[in-house]
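*Asks:* Sharing final.txt below, compact mmCIF, C-alpha atoms:
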```txt
# COMPACT_ATOMS: atom_id res chain seq x y z
CA MET A 1 -143.72 41.50 90.55
CA GLN A 2 -145.01 38.38 92.19
CA ARG A 3 -141.86 36.56 91.11
CA VAL A 4 -139.66 39.23 92.76
CA THR A 5 -141.66 39.06 95.95
CA ARG A 6 -141.39 35.28 96.01
CA VAL A 7 -137.60 35.44 95.50
CA ALA A 8 -137.27 37.97 98.33
CA TRP A 9 -139.37 35.82 100.61
CA LEU A 10 -137.31 32.71 99.80
CA THR A 11 -134.07 34.63 100.38
CA ALA A 12 -135.25 35.89 103.76
CA ALA A 13 -136.42 32.43 104.75
CA ALA A 14 -133.08 30.94 103.76
CA ALA A 15 -131.28 33.58 105.82
CA ILE A 16 -133.45 32.79 108.82
CA VAL A 17 -132.82 29.06 108.41
CA ALA A 18 -129.08 29.66 108.08
CA THR A 19 -129.04 31.89 111.17
CA PHE A 20 -131.03 29.35 113.13
CA ALA A 21 -128.69 26.56 112.02
CA LEU A 22 -125.64 28.61 112.93
CA THR A 23 -127.13 29.47 116.31
CA SER A 24 -127.98 25.86 116.93
CA VAL A 25 -124.45 24.77 116.04
CA TRP A 26 -123.03 27.44 118.34
CA ALA A 27 -125.37 26.42 121.18
CA VAL A 28 -124.38 22.78 120.76
CA ARG A 29 -120.71 23.78 120.70
CA MET A 30 -121.05 25.78 123.91
CA ALA A 31 -123.04 23.02 125.59
CA TRP A 32 -120.40 20.48 124.66
CA ALA A 33 -117.66 22.78 125.93
CA ASP A 34 -119.49 23.18 129.22
CA TYR A 35 -119.99 19.42 129.46
CA ARG A 36 -116.29 18.78 128.93
CA PHE A 37 -115.37 21.52 131.42
CA ARG A 38 -117.52 19.92 134.13
CA GLN A 39 -115.65 16.64 133.76
CA GLU A 40 -112.75 18.35 135.57
CA THR A 41 -109.92 16.56 133.76
CA LEU A 42 -107.03 18.21 131.97
CA PRO A 43 -107.84 16.82 128.48
CA ALA A 44 -111.51 17.76 128.88
CA THR A 45 -110.63 21.28 130.02
CA GLN A 46 -108.22 21.74 127.10
CA GLN A 47 -110.92 20.61 124.67
CA ALA A 48 -113.40 23.00 126.32
CA LEU A 49 -110.93 25.85 125.68
CA ARG A 50 -110.58 24.89 122.03
CA LEU A 51 -114.36 24.98 121.70
CA GLU A 52 -114.72 28.23 123.67
CA PRO A 53 -111.37 30.05 123.73
CA ASP A 54 -112.71 33.23 125.36
CA SER A 55 -113.85 31.67 128.65
CA ALA A 56 -112.04 33.12 131.68
CA ALA A 57 -113.35 30.32 133.91
CA TYR A 58 -111.81 27.67 131.64
CA TYR A 59 -108.41 29.39 131.79
CA ALA A 60 -108.62 29.65 135.58
CA ARG A 61 -109.40 25.94 135.80
CA LEU A 62 -106.52 25.11 133.44
CA ALA A 63 -104.15 27.21 135.56
CA ALA A 64 -105.01 25.21 138.68
CA MET A 65 -104.61 21.88 136.87
CA ILE A 66 -101.14 22.56 135.49
CA GLN A 67 -99.74 24.62 138.36
CA GLU A 68 -97.30 21.94 139.50
CA SER A 69 -96.44 20.40 136.14
CA ASN A 70 -96.01 23.67 134.23
CA PRO A 71 -96.00 26.72 136.53
CA VAL A 72 -95.06 29.17 133.77
CA ALA A 73 -97.96 28.10 131.54
CA SER A 74 -100.21 28.05 134.59
CA THR A 75 -99.44 31.68 135.41
CA ALA A 76 -99.93 32.61 131.76
CA ALA A 77 -103.37 30.96 131.89
CA LEU A 78 -104.26 33.01 134.97
CA GLU A 79 -103.15 36.20 133.26
CA ARG A 80 -105.34 35.29 130.30
CA ALA A 81 -108.24 34.65 132.70
CA VAL A 82 -108.06 38.14 134.23
CA ALA A 83 -107.58 39.69 130.81
CA LEU A 84 -110.85 38.10 129.72
CA ASN A 85 -112.59 38.82 133.03
CA PRO A 86 -111.02 41.68 135.04
CA TRP A 87 -113.59 41.03 137.84
CA ASP A 88 -112.20 37.55 138.52
CA SER A 89 -110.95 38.34 142.04
CA GLN A 90 -109.85 34.81 142.86
CA SER A 91 -107.49 34.76 139.87
CA TRP A 92 -106.10 38.16 140.89
CA ILE A 93 -105.51 36.78 144.41
CA GLU A 94 -103.77 33.70 143.03
CA LEU A 95 -101.56 35.87 140.85
CA GLY A 96 -100.71 37.97 143.89
CA LEU A 97 -99.73 34.95 145.96
CA ARG A 98 -97.60 33.58 143.15
CA ALA A 99 -95.85 36.91 142.73
CA GLU A 100 -95.12 37.02 146.47
CA ALA A 101 -93.71 33.50 146.38
CA ALA A 102 -91.45 34.56 143.50
CA GLY A 103 -90.20 37.57 145.45
CA ASP A 104 -92.07 40.12 143.34
CA LEU A 105 -93.58 42.02 146.27
CA ALA A 106 -94.67 45.00 144.20
CA GLY A 107 -96.52 42.71 141.81
CA ALA A 108 -98.00 40.75 144.69
CA GLU A 109 -99.40 43.85 146.39
CA ARG A 110 -100.67 45.25 143.08
CA ASN A 111 -102.57 42.05 142.20
CA LEU A 112 -104.06 41.65 145.69
CA LEU A 113 -105.18 45.28 145.73
CA ARG A 114 -106.71 44.77 142.28
CA ALA A 115 -108.70 41.83 143.67
CA ALA A 116 -109.99 44.02 146.50
CA SER A 117 -110.92 46.79 144.06
CA VAL A 118 -113.12 44.55 141.91
CA ASP A 119 -114.59 42.44 144.73
CA LYS A 120 -115.86 44.05 147.93
CA GLN A 121 -116.47 40.73 149.66
CA TYR A 122 -114.44 39.16 152.45
CA LEU A 123 -111.83 37.03 150.66
CA PRO A 124 -109.82 39.81 148.96
CA SER A 125 -109.63 41.81 152.19
CA TRP A 126 -108.68 38.72 154.15
CA SER A 127 -105.94 37.97 151.59
CA LEU A 128 -104.50 41.45 152.10
CA VAL A 129 -104.65 41.05 155.89
CA ASN A 130 -102.53 37.91 155.58
CA TYR A 131 -100.16 39.54 153.09
CA TYR A 132 -99.41 42.55 155.28
CA PHE A 133 -99.11 40.27 158.33
CA ARG A 134 -96.43 38.27 156.52
CA ARG A 135 -94.70 41.47 155.49
CA GLY A 136 -94.80 42.89 159.03
CA ASP A 137 -96.59 46.05 157.84
CA SER A 138 -98.77 46.77 160.89
CA GLU A 139 -100.25 50.02 159.55
CA LYS A 140 -101.66 48.39 156.42
CA PHE A 141 -102.48 45.25 158.37
CA TRP A 142 -104.85 47.15 160.64
CA LEU A 143 -106.35 49.02 157.68
CA TRP A 144 -107.34 45.78 155.97
CA ALA A 145 -108.17 43.96 159.21
CA HIS A 146 -110.77 46.64 159.87
CA GLU A 147 -111.99 46.37 156.28
CA ALA A 148 -112.28 42.59 156.59
CA SER A 149 -114.11 42.86 159.91
CA THR A 150 -116.85 44.96 158.29
CA MET A 151 -117.52 42.11 155.86
CA ALA A 152 -117.12 39.34 158.42
CA TYR A 153 -119.37 36.31 158.37
CA GLY A 154 -119.13 33.00 160.20
CA ASP A 155 -116.32 32.25 162.62
CA GLN A 156 -113.75 35.03 162.67
CA ALA A 157 -111.22 33.23 164.87
CA PRO A 158 -108.50 33.30 162.13
CA LEU A 159 -108.80 37.10 161.85
CA PHE A 160 -108.73 37.61 165.61
CA THR A 161 -105.76 35.26 165.95
CA LEU A 162 -103.70 37.36 163.54
CA CYS A 163 -104.73 40.51 165.41
CA TRP A 164 -103.52 39.03 168.68
CA LYS A 165 -100.21 38.12 167.08
CA ILE A 166 -99.78 41.75 166.05
CA ALA A 167 -100.91 43.24 169.39
CA SER A 168 -101.53 41.38 172.66
CA ASP A 169 -103.98 44.01 173.86
CA GLY A 170 -107.70 43.23 173.77
CA ALA A 171 -108.81 46.85 174.09
CA LEU A 172 -106.46 47.97 171.29
CA ILE A 173 -107.74 45.22 169.02
CA GLU A 174 -111.35 46.28 169.56
CA GLN A 175 -110.33 49.87 168.83
CA LYS A 176 -108.44 48.97 165.65
CA LEU A 177 -111.19 46.74 164.32
CA ASP A 178 -113.79 49.32 165.37
CA ILE A 179 -116.33 46.59 166.11
CA ARG A 180 -119.74 48.09 165.50
CA THR A 181 -122.06 45.16 164.99
CA ALA A 182 -123.52 42.85 167.61
CA GLY A 183 -122.71 39.80 165.51
CA LEU A 184 -119.01 40.61 165.30
CA GLN A 185 -118.90 41.57 168.98
CA ALA A 186 -120.43 38.20 169.88
CA ASN A 187 -117.91 36.50 167.59
CA TYR A 188 -115.06 38.32 169.32
CA LEU A 189 -116.31 37.45 172.80
CA ALA A 190 -116.66 33.78 171.82
CA TYR A 191 -113.09 33.88 170.52
CA LEU A 192 -111.73 35.33 173.76
CA THR A 193 -113.61 32.73 175.79
CA ASN A 194 -112.50 29.79 173.67
CA GLN A 195 -108.88 30.93 173.54
CA ASP A 196 -108.64 31.54 177.30
CA ARG A 197 -107.84 35.22 176.80
CA VAL A 198 -109.46 36.15 180.08
CA GLU A 199 -108.38 39.76 180.66
CA PRO A 200 -110.45 41.36 177.85
CA ILE A 201 -113.56 39.20 178.41
CA THR A 202 -115.38 41.59 180.75
CA ARG A 203 -114.94 44.58 178.45
CA ALA A 204 -116.09 42.62 175.41
CA ALA A 205 -119.04 41.14 177.33
CA THR A 206 -120.11 44.57 178.59
CA ARG A 207 -120.17 45.91 175.05
CA LEU A 208 -122.17 42.93 173.84
CA LEU A 209 -124.65 43.24 176.71
CA ALA A 210 -125.41 46.78 175.53
CA TRP A 211 -127.09 45.27 172.45
CA ASN A 212 -129.48 43.30 174.68
CA ARG A 213 -130.04 40.46 172.20
CA GLU A 214 -131.61 37.17 173.19
CA ALA A 215 -129.33 35.34 170.74
CA ASP A 216 -126.25 36.39 172.75
CA GLN A 217 -127.25 34.63 175.98
CA PRO A 218 -125.20 31.45 175.29
CA VAL A 219 -121.95 33.26 174.52
CA LEU A 220 -122.40 35.56 177.52
CA LEU A 221 -123.03 32.63 179.85
CA ALA A 222 -119.97 30.88 178.43
CA ALA A 223 -117.95 34.02 179.19
CA CYS A 224 -119.37 34.05 182.72
CA ASP A 225 -118.33 30.41 183.15
CA ARG A 226 -114.82 31.21 181.93
CA LEU A 227 -114.47 34.02 184.47
CA ILE A 228 -115.77 31.75 187.23
CA ALA A 229 -113.23 29.10 186.27
CA ASP A 230 -110.50 31.75 186.59
CA ASP A 231 -111.78 32.71 190.08
CA ARG A 232 -112.91 36.18 188.96
CA ALA A 233 -116.04 36.44 191.02
CA GLY A 234 -116.64 40.17 190.58
CA GLN A 235 -116.30 40.10 186.81
CA ALA A 236 -118.47 37.01 186.46
CA LEU A 237 -121.13 38.68 188.63
CA LEU A 238 -121.12 41.74 186.37
CA ILE A 239 -122.21 39.57 183.43
CA TRP A 240 -124.64 37.42 185.44
CA ASN A 241 -126.35 40.38 187.11
CA ARG A 242 -126.66 42.34 183.88
CA LEU A 243 -128.28 39.31 182.23
CA ALA A 244 -130.68 39.20 185.18
CA GLU A 245 -131.47 42.91 184.89
CA LEU A 246 -132.18 42.51 181.19
CA HIS A 247 -134.37 39.46 181.93
CA ARG A 248 -132.18 37.25 179.74
CA ILE A 249 -132.02 34.76 182.60
CA PRO A 250 -135.00 33.97 184.84
CA TYR A 251 -133.32 34.95 188.11
CA GLY A 252 -132.66 38.04 190.17
CA ALA A 253 -129.25 39.64 190.57
CA LEU A 254 -126.86 38.29 193.17
CA ALA A 255 -125.24 40.48 195.82
CA PRO A 256 -122.98 38.62 198.26
CA GLY A 257 -122.47 41.77 200.33
CA SER A 258 -126.23 41.91 200.91
CA GLY A 259 -126.60 38.20 201.61
CA ARG A 260 -127.81 37.14 198.16
CA SER A 261 -125.47 34.33 197.10
CA LEU A 262 -127.76 31.39 196.27
CA THR A 263 -129.59 31.07 192.94
CA ASP A 264 -133.07 29.51 192.73
CA GLY A 265 -133.16 27.88 196.12
CA ASP A 266 -136.80 27.04 195.43
CA PHE A 267 -136.03 25.12 192.23
CA THR A 268 -138.54 27.08 190.17
CA MET A 269 -136.75 26.62 186.84
CA PRO A 270 -134.90 23.77 185.10
CA PRO A 271 -131.19 24.29 185.86
CA MET A 272 -129.12 25.86 183.06
CA SER A 273 -125.92 24.22 184.34
CA GLN A 274 -124.12 27.50 183.65
CA GLY A 275 -123.00 30.56 185.53
CA PHE A 276 -124.27 30.74 189.11
CA ASP A 277 -127.27 28.49 188.44
CA TRP A 278 -127.56 24.88 189.54
CA ARG A 279 -125.46 22.41 187.57
CA LEU A 280 -126.59 18.87 186.93
CA PRO A 281 -123.63 16.59 186.18
CA ASN A 282 -124.42 13.86 183.68
CA VAL A 283 -124.26 10.78 185.90
CA GLY A 284 -125.46 7.40 184.75
CA GLY A 285 -128.16 5.96 186.99
CA VAL A 286 -129.20 9.39 188.33
CA ALA A 287 -132.27 11.31 187.12
CA THR A 288 -133.72 14.69 188.13
CA LEU A 289 -137.24 16.05 187.90
CA LEU A 290 -138.96 19.35 188.74
CA ASP A 291 -142.49 18.09 189.32
CA GLU A 292 -142.87 18.06 193.09
CA PRO A 293 -145.92 19.80 194.59
CA PRO A 294 -144.99 22.10 196.28
CA THR A 295 -142.03 23.11 194.11
CA GLY A 296 -138.92 21.05 194.64
CA LEU A 297 -136.23 19.03 192.91
CA ARG A 298 -136.45 15.23 192.91
CA ILE A 299 -133.19 13.34 192.39
CA SER A 300 -133.62 9.62 191.79
CA PHE A 301 -130.99 6.90 192.15
CA SER A 302 -131.43 3.67 190.22
CA GLY A 303 -128.89 1.67 192.23
CA ARG A 304 -126.63 1.56 189.18
CA GLN A 305 -125.03 4.97 189.71
CA PRO A 306 -121.29 5.19 190.47
CA GLU A 307 -120.23 4.56 194.06
CA ASN A 308 -118.89 8.10 194.25
CA CYS A 309 -120.55 10.91 192.31
CA ASP A 310 -121.66 14.53 192.48
CA VAL A 311 -125.33 14.88 191.53
CA LEU A 312 -126.05 18.58 192.05
CA THR A 313 -123.72 21.60 192.22
CA GLN A 314 -123.90 25.35 192.49
CA ILE A 315 -120.97 27.75 192.53
CA MET A 316 -121.86 30.57 194.89
CA PRO A 317 -120.36 34.06 195.14
CA VAL A 318 -119.69 34.78 198.80
CA MET A 319 -117.84 37.17 201.05
CA ASP A 320 -114.39 35.91 201.91
CA GLY A 321 -113.57 35.00 205.50
CA ALA A 322 -117.27 35.05 206.44
CA ASN A 323 -119.60 32.70 208.29
CA TYR A 324 -122.68 31.26 206.60
CA GLU A 325 -125.54 28.93 207.39
CA LEU A 326 -127.29 26.75 204.81
CA ARG A 327 -130.85 25.63 205.61
CA PHE A 328 -133.05 23.41 203.47
CA LEU A 329 -136.05 21.07 203.52
CA TYR A 330 -135.75 17.52 202.30
CA ARG A 331 -137.30 14.08 202.37
CA THR A 332 -136.09 10.75 201.02
CA ASN A 333 -137.66 7.52 199.90
CA GLY A 334 -135.85 4.18 199.96
CA ILE A 335 -132.60 5.69 201.25
CA ALA A 336 -131.34 4.38 204.57
CA PRO A 337 -129.48 6.58 207.08
CA GLU A 338 -125.68 6.82 206.90
CA THR A 339 -125.47 5.44 203.38
CA GLY A 340 -123.44 8.32 201.92
CA LEU A 341 -125.80 11.03 200.57
CA GLY A 342 -125.10 14.55 201.80
CA TRP A 343 -124.06 18.15 201.13
CA ARG A 344 -120.50 19.38 200.88
CA ILE A 345 -119.08 22.88 200.76
CA MET A 346 -115.71 23.05 199.03
CA ASP A 347 -113.48 25.70 197.53
CA LEU A 348 -114.04 26.69 193.91
CA TYR A 349 -111.88 23.96 192.46
CA GLY A 350 -113.13 21.21 194.76
CA SER A 351 -109.68 20.67 196.26
CA LYS A 352 -110.42 21.79 199.82
CA LEU A 353 -113.37 20.58 201.91
CA LEU A 354 -114.86 23.34 204.05
CA VAL A 355 -117.67 21.34 205.61
CA GLN A 356 -119.38 17.96 205.23
CA GLY A 357 -123.11 18.01 205.96
CA GLU A 358 -124.90 15.22 207.78
CA SER A 359 -126.09 12.11 205.97
CA LEU A 360 -129.50 12.76 204.42
CA ALA A 361 -132.24 10.20 205.07
CA SER A 362 -135.78 10.93 206.25
CA GLU A 363 -139.07 9.47 205.03
CA SER A 364 -140.90 12.58 206.24
CA GLU A 365 -139.93 16.13 205.29
CA ARG A 366 -137.53 17.73 207.71
CA GLU A 367 -135.21 20.70 207.88
CA GLY A 368 -131.49 20.29 207.50
CA ARG A 369 -128.88 22.90 208.30
CA PHE A 370 -125.17 23.37 208.72
CA SER A 371 -122.70 26.24 209.06
CA PHE A 372 -119.37 26.96 207.42
CA ARG A 373 -116.78 29.68 207.06
CA THR A 374 -115.36 30.78 203.74
CA PRO A 375 -111.56 30.93 203.35
CA ALA A 376 -109.74 34.25 203.42
CA CYS A 377 -109.54 35.92 200.00
CA SER A 378 -111.94 33.36 198.49
CA ARG A 379 -115.12 34.72 196.96
CA LEU A 380 -116.39 31.58 195.23
CA VAL A 381 -117.34 28.30 196.89
CA ARG A 382 -118.83 25.10 195.55
CA LEU A 383 -122.02 23.68 197.07
CA THR A 384 -122.44 20.03 196.05
CA LEU A 385 -124.87 17.26 196.81
CA THR A 386 -122.69 14.20 196.63
CA TYR A 387 -123.08 10.46 197.01
CA GLN A 388 -120.24 8.39 198.40
CA ARG A 389 -121.22 4.84 199.19
CA ALA A 390 -120.58 4.15 202.85
CA LEU A 391 -118.57 1.07 203.73
CA GLY A 392 -120.75 -1.95 204.41
CA THR A 393 -123.70 -0.64 202.39
CA THR A 394 -125.05 -1.32 198.92
CA ARG A 395 -125.60 1.47 196.42
CA ILE A 396 -128.67 3.49 197.29
CA GLU A 397 -131.87 3.04 195.29
CA GLY A 398 -134.58 5.63 195.85
CA PHE A 399 -134.94 9.42 195.68
CA ILE A 400 -134.50 12.66 197.58
CA VAL A 401 -136.68 15.75 197.24
CA LEU A 402 -135.07 19.13 198.02
CA ARG A 403 -136.96 22.37 198.75
CA LYS A 404 -136.41 25.87 200.06
CA LEU A 405 -132.64 26.13 200.23
CA ARG A 406 -131.53 29.31 201.99
CA LEU A 407 -128.01 30.61 202.48
CA THR A 408 -127.67 33.34 205.11
CA PRO A 409 -124.63 35.20 206.48
CA ALA A 410 -123.90 34.46 210.09
CA GLY A 411 -121.71 37.32 211.31
CA ASN A 412 -118.08 38.35 210.71
CA GLY A 413 -117.40 40.49 207.67
CA PRO A 414 -114.97 39.95 204.79
CA ASN A 415 -111.22 40.19 204.95
CA GLU A 416 -110.52 43.79 203.98
CA THR A 417 -107.00 42.99 202.74
CA CYS A 418 -108.33 41.04 199.77
CA LYS A 419 -108.88 42.71 196.41
CA ALA A 420 -112.11 42.35 194.47
CA GLY A 421 -111.95 39.68 191.78
```
If you took the structure in this file and wrote it as structure tokens, what would it be?

*Replies:*
Amino acid sequence: MQRVTRVAWLTAAAAIVATFALTSVWAVRMAWADYRFRQETLPATQQALRLEPDSAAYYARLAAMIQESNPVASTAALERAVALNPWDSQSWIELGLRAEAAGDLAGAERNLLRAASVDKQYLPSWSLVNYYFRRGDSEKFWLWAHEASTMAYGDQAPLFTLCWKIASDGALIEQKLDIRTAGLQANYLAYLTNQDRVEPITRAATRLLAWNREADQPVLLAACDRLIADDRAGQALLIWNRLAELHRIPYGALAPGSGRSLTDGDFTMPPMSQGFDWRLPNVGGVATLLDEPPTGLRISFSGRQPENCDVLTQIMPVMDGANYELRFLYRTNGIAPETGLGWRIMDLYGSKLLVQGESLASESEREGRFSFRTPACSRLVRLTLTYQRALGTTRIEGFIVLRKLRLTPAGNGPNETCKAG
């Protein structure tokens, strides 16, 4: 009995050892196959397949490597890859593209749809969007464009570009894509702004503003800037004022018809250099500081600044064909009279001078003022503090402190024949 038990024990032990040895050999074989596969050469990949012939990933890699040298064998390798792994969406997509290139449109559509059925991520949907765009099938294009938009991540400019090639209508595109997330809406607004598609910007911005997200402030201000650049004062004000109402910018709403056209005349906040806020051009030799008691803006000149430069600008929404007066307090240090520092009011694009203020130079604080009239049908003007070295003088070296800027209407209403921008 003991002898039988001992034989059984030895047999079991031998079986365990044999199984362990076989497993070890198999593990080493798989490890070696993986090592060869990661070398990313054709001979190494072929050896990896001999060691592990049921690996879909190895067949997919082989297909890519021999696509140009042996396209038939390459396609066969892809077909083997999806047979081994039906969830390999990238191989299904590649098969679809190859079928399309060969003129097999039914096979192309079938393979691309198969990719989308096994993989609910972005790439399969995006592949179908492109396929139906190339085929001119607008109905299926919009179906998959909407599907892709629901999975969108990152920059969606390529998707929006195809949509605009199908339909040059911003409202229709938003309807077809059925944009329902703030992230995608922000992406769409950024696309419109960057591509200079101005007409739909206000609608897209209004929809994004409804989400009231702090993260959207930059794209909304960029849209406001784009509308300003296109001389669309009313539309730019809609965005700016809504941001103010939502407290996404630290200023009150502007209302040119009620005499509110100037932003932060007391210099309470660092300029954003966007929208209707102050803009600080990057000028070598010029520095700005908000540390004056009482509140004011100090602009310093090192003497190495350009002979002609704008150092402070604000684009102001105004009533067209109206009279205004600008008043302000200022003092200077180290700047002699008539050396070229002063205010200018110009049209939006800086091509037409409306008024040139007096030269600014006073060691003690004093009030400055000047009047101007806005052009007919012009609702945006550019207020600029500029330095233009006067003949016979050296470049200024010193600073100016500005406080309490006020812009007030001075009679005469707008030109009623002009349309709101």

*Asks:* Find the residues around Gly96 (chain A) up to 7 Å (all atoms listed in the file counted), leave out those fewer than 3 positions away in its own chain, and share them as a VMD selection string.

*Replies:* chain A and resid 92 to 93 99 to 100 107 to 109 111 to 112

*Asks:* How would the residues just chosen look if you wrote them out with C-alpha atoms as a short mmCIF file (atom, residue, chain, number, x, y, z; two decimals), in the frame of the given file?

*Replies:*
```
data_model
loop_
_atom_site.label_atom_id
_atom_site.label_comp_id
_atom_site.auth_asym_id
_atom_site.auth_seq_id
_atom_site.Cartn_x
_atom_site.Cartn_y
_atom_site.Cartn_z
CA TRP A 92 -106.10 38.16 140.89
CA ILE A 93 -105.51 36.78 144.41
CA ALA A 99 -95.85 36.91 142.73
CA GLU A 100 -95.12 37.02 146.47
CA GLY A 107 -96.52 42.71 141.81
CA ALA A 108 -98.00 40.75 144.69
CA GLU A 109 -99.40 43.85 146.39
CA ASN A 111 -102.57 42.05 142.20
CA LEU A 112 -104.06 41.65 145.69
#
```

*Asks:* For a quick check of understanding, using all atoms listed in the file, which of A:Phe267, A:Phe160, A:Tyr387, A:Trp240 has the smallest distance to Val219 (chain A)?

*Replies:*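 Residue with the minimum atom-to-atom distance to Val219 (chain A): A:Trp240.
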
*Asks:* Taking into account only C-alpha atoms, which residue in the set A:Arg331, A:Lys352, A:Arg344, A:Arg389 is nearest to Val401 (chain A)?

*Replies:*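 Checking each candidate against Val401 (chain A), we get A:Arg331 as the closest.
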
*Asks:* I'd like the neighbourhood of Ile345 (chain A) as a ChimeraX atom specification, where a residue qualifies if any of its atoms comes within 6 Å (using all atoms listed in the file), though same-chain residues fewer than 5 positions away should be ignored.

*Replies:* /A:354-355,382-383

*Asks:* Step by step: start from the point (-121.2, 14.9, 196.4) in the file's coordinates, keep every protein, DNA or RNA residue that has an atom no farther than 7 Å from it, count all atoms listed in the file, and write the set as a PyMOL selection string.

*Replies:* chain A and resi 309-311+342-344+384-388

*Asks:* Between A:Pro158, A:Gly103, A:Pro256, A:Gly392, which one has atoms that come closest to Trp126 (chain A), using only C-alpha atoms?

*Replies:*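 Result for the nearest residue to Trp126 (chain A): A:Pro158.
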
*Asks:* Name all residues at most 12 Å from Leu113 (chain A) (count only C-alpha atoms; drop same-chain ones fewer than 4 positions away) and give them as a PyMOL selection string.

*Replies:* chain A and resi 89-90+92-97+106-109+117-120+123-129+131-132+140+144

*Asks:* Residues as selected, C-alpha atoms, written as a short mmCIF file (atom, residue, chain, number, x, y, z; two decimals), in the frame of the given file, can you do that?

*Replies:*
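The resulting file, result-v7.cif, is reproduced below:
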```cif
data_model
loop_
_atom_site.label_atom_id
_atom_site.label_comp_id
_atom_site.auth_asym_id
_atom_site.auth_seq_id
_atom_site.Cartn_x
_atom_site.Cartn_y
_atom_site.Cartn_z
CA SER A 89 -110.95 38.34 142.04
CA GLN A 90 -109.85 34.81 142.86
CA TRP A 92 -106.10 38.16 140.89
CA ILE A 93 -105.51 36.78 144.41
CA GLU A 94 -103.77 33.70 143.03
CA LEU A 95 -101.56 35.87 140.85
CA GLY A 96 -100.71 37.97 143.89
CA LEU A 97 -99.73 34.95 145.96
CA ALA A 106 -94.67 45.00 144.20
CA GLY A 107 -96.52 42.71 141.81
CA ALA A 108 -98.00 40.75 144.69
CA GLU A 109 -99.40 43.85 146.39
CA SER A 117 -110.92 46.79 144.06
CA VAL A 118 -113.12 44.55 141.91
CA ASP A 119 -114.59 42.44 144.73
CA LYS A 120 -115.86 44.05 147.93
CA LEU A 123 -111.83 37.03 150.66
CA PRO A 124 -109.82 39.81 148.96
CA SER A 125 -109.63 41.81 152.19
CA TRP A 126 -108.68 38.72 154.15
CA SER A 127 -105.94 37.97 151.59
CA LEU A 128 -104.50 41.45 152.10
CA VAL A 129 -104.65 41.05 155.89
CA TYR A 131 -100.16 39.54 153.09
CA TYR A 132 -99.41 42.55 155.28
CA LYS A 140 -101.66 48.39 156.42
CA TRP A 144 -107.34 45.78 155.97
#
```

*Asks:* Do you have the CA of Ala145 (chain A)-CA of Asn130 (chain A) distance handy?

*Replies:*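 Spanning CA of Ala145 (chain A) to CA of Asn130 (chain A) is a straight-line distance of 9.0 Å.
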
*Asks:* What's around Val283 (chain A) at 12 Å? Count only C-alpha atoms, leave out sequence neighbours fewer than 4 positions away in its own chain, and write the answer as a short mmCIF file (atom, residue, chain, number, x, y, z; two decimals) with C-alpha atoms, in the frame of the given file.

*Replies:*
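The resulting file, selection23.cif, is reproduced below:
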```
data_model
loop_
_atom_site.label_atom_id
_atom_site.label_comp_id
_atom_site.auth_asym_id
_atom_site.auth_seq_id
_atom_site.Cartn_x
_atom_site.Cartn_y
_atom_site.Cartn_z
CA ARG A 279 -125.46 22.41 187.57
CA ALA A 287 -132.27 11.31 187.12
CA THR A 288 -133.72 14.69 188.13
CA ILE A 299 -133.19 13.34 192.39
CA SER A 300 -133.62 9.62 191.79
CA PHE A 301 -130.99 6.90 192.15
CA SER A 302 -131.43 3.67 190.22
CA ARG A 304 -126.63 1.56 189.18
CA GLN A 305 -125.03 4.97 189.71
CA PRO A 306 -121.29 5.19 190.47
CA GLU A 307 -120.23 4.56 194.06
CA ASN A 308 -118.89 8.10 194.25
CA CYS A 309 -120.55 10.91 192.31
CA ASP A 310 -121.66 14.53 192.48
CA VAL A 311 -125.33 14.88 191.53
CA LEU A 312 -126.05 18.58 192.05
CA THR A 386 -122.69 14.20 196.63
CA TYR A 387 -123.08 10.46 197.01
#
```

*Asks:* Could you pull region 107-118 of chain A out of the structure just shown and give C-alpha atoms as a tab-separated table (two decimals), in the first residue's frame?

*Replies:*
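In the end it all went to result_22.tsv:
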```
chain	number	residue	atom	x	y	z
A	107	GLY	CA	-16.92	46.65	-48.93
A	108	ALA	CA	-15.52	49.97	-47.80
A	109	GLU	CA	-18.78	51.05	-46.15
A	110	ARG	CA	-19.28	47.61	-44.60
A	111	ASN	CA	-15.81	47.56	-43.02
A	112	LEU	CA	-16.05	51.14	-41.72
A	113	LEU	CA	-19.48	50.47	-40.22
A	114	ARG	CA	-18.08	47.32	-38.62
A	115	ALA	CA	-15.34	49.43	-37.01
A	116	ALA	CA	-17.97	51.80	-35.62
A	117	SER	CA	-20.04	48.89	-34.29
A	118	VAL	CA	-17.18	47.41	-32.26
```
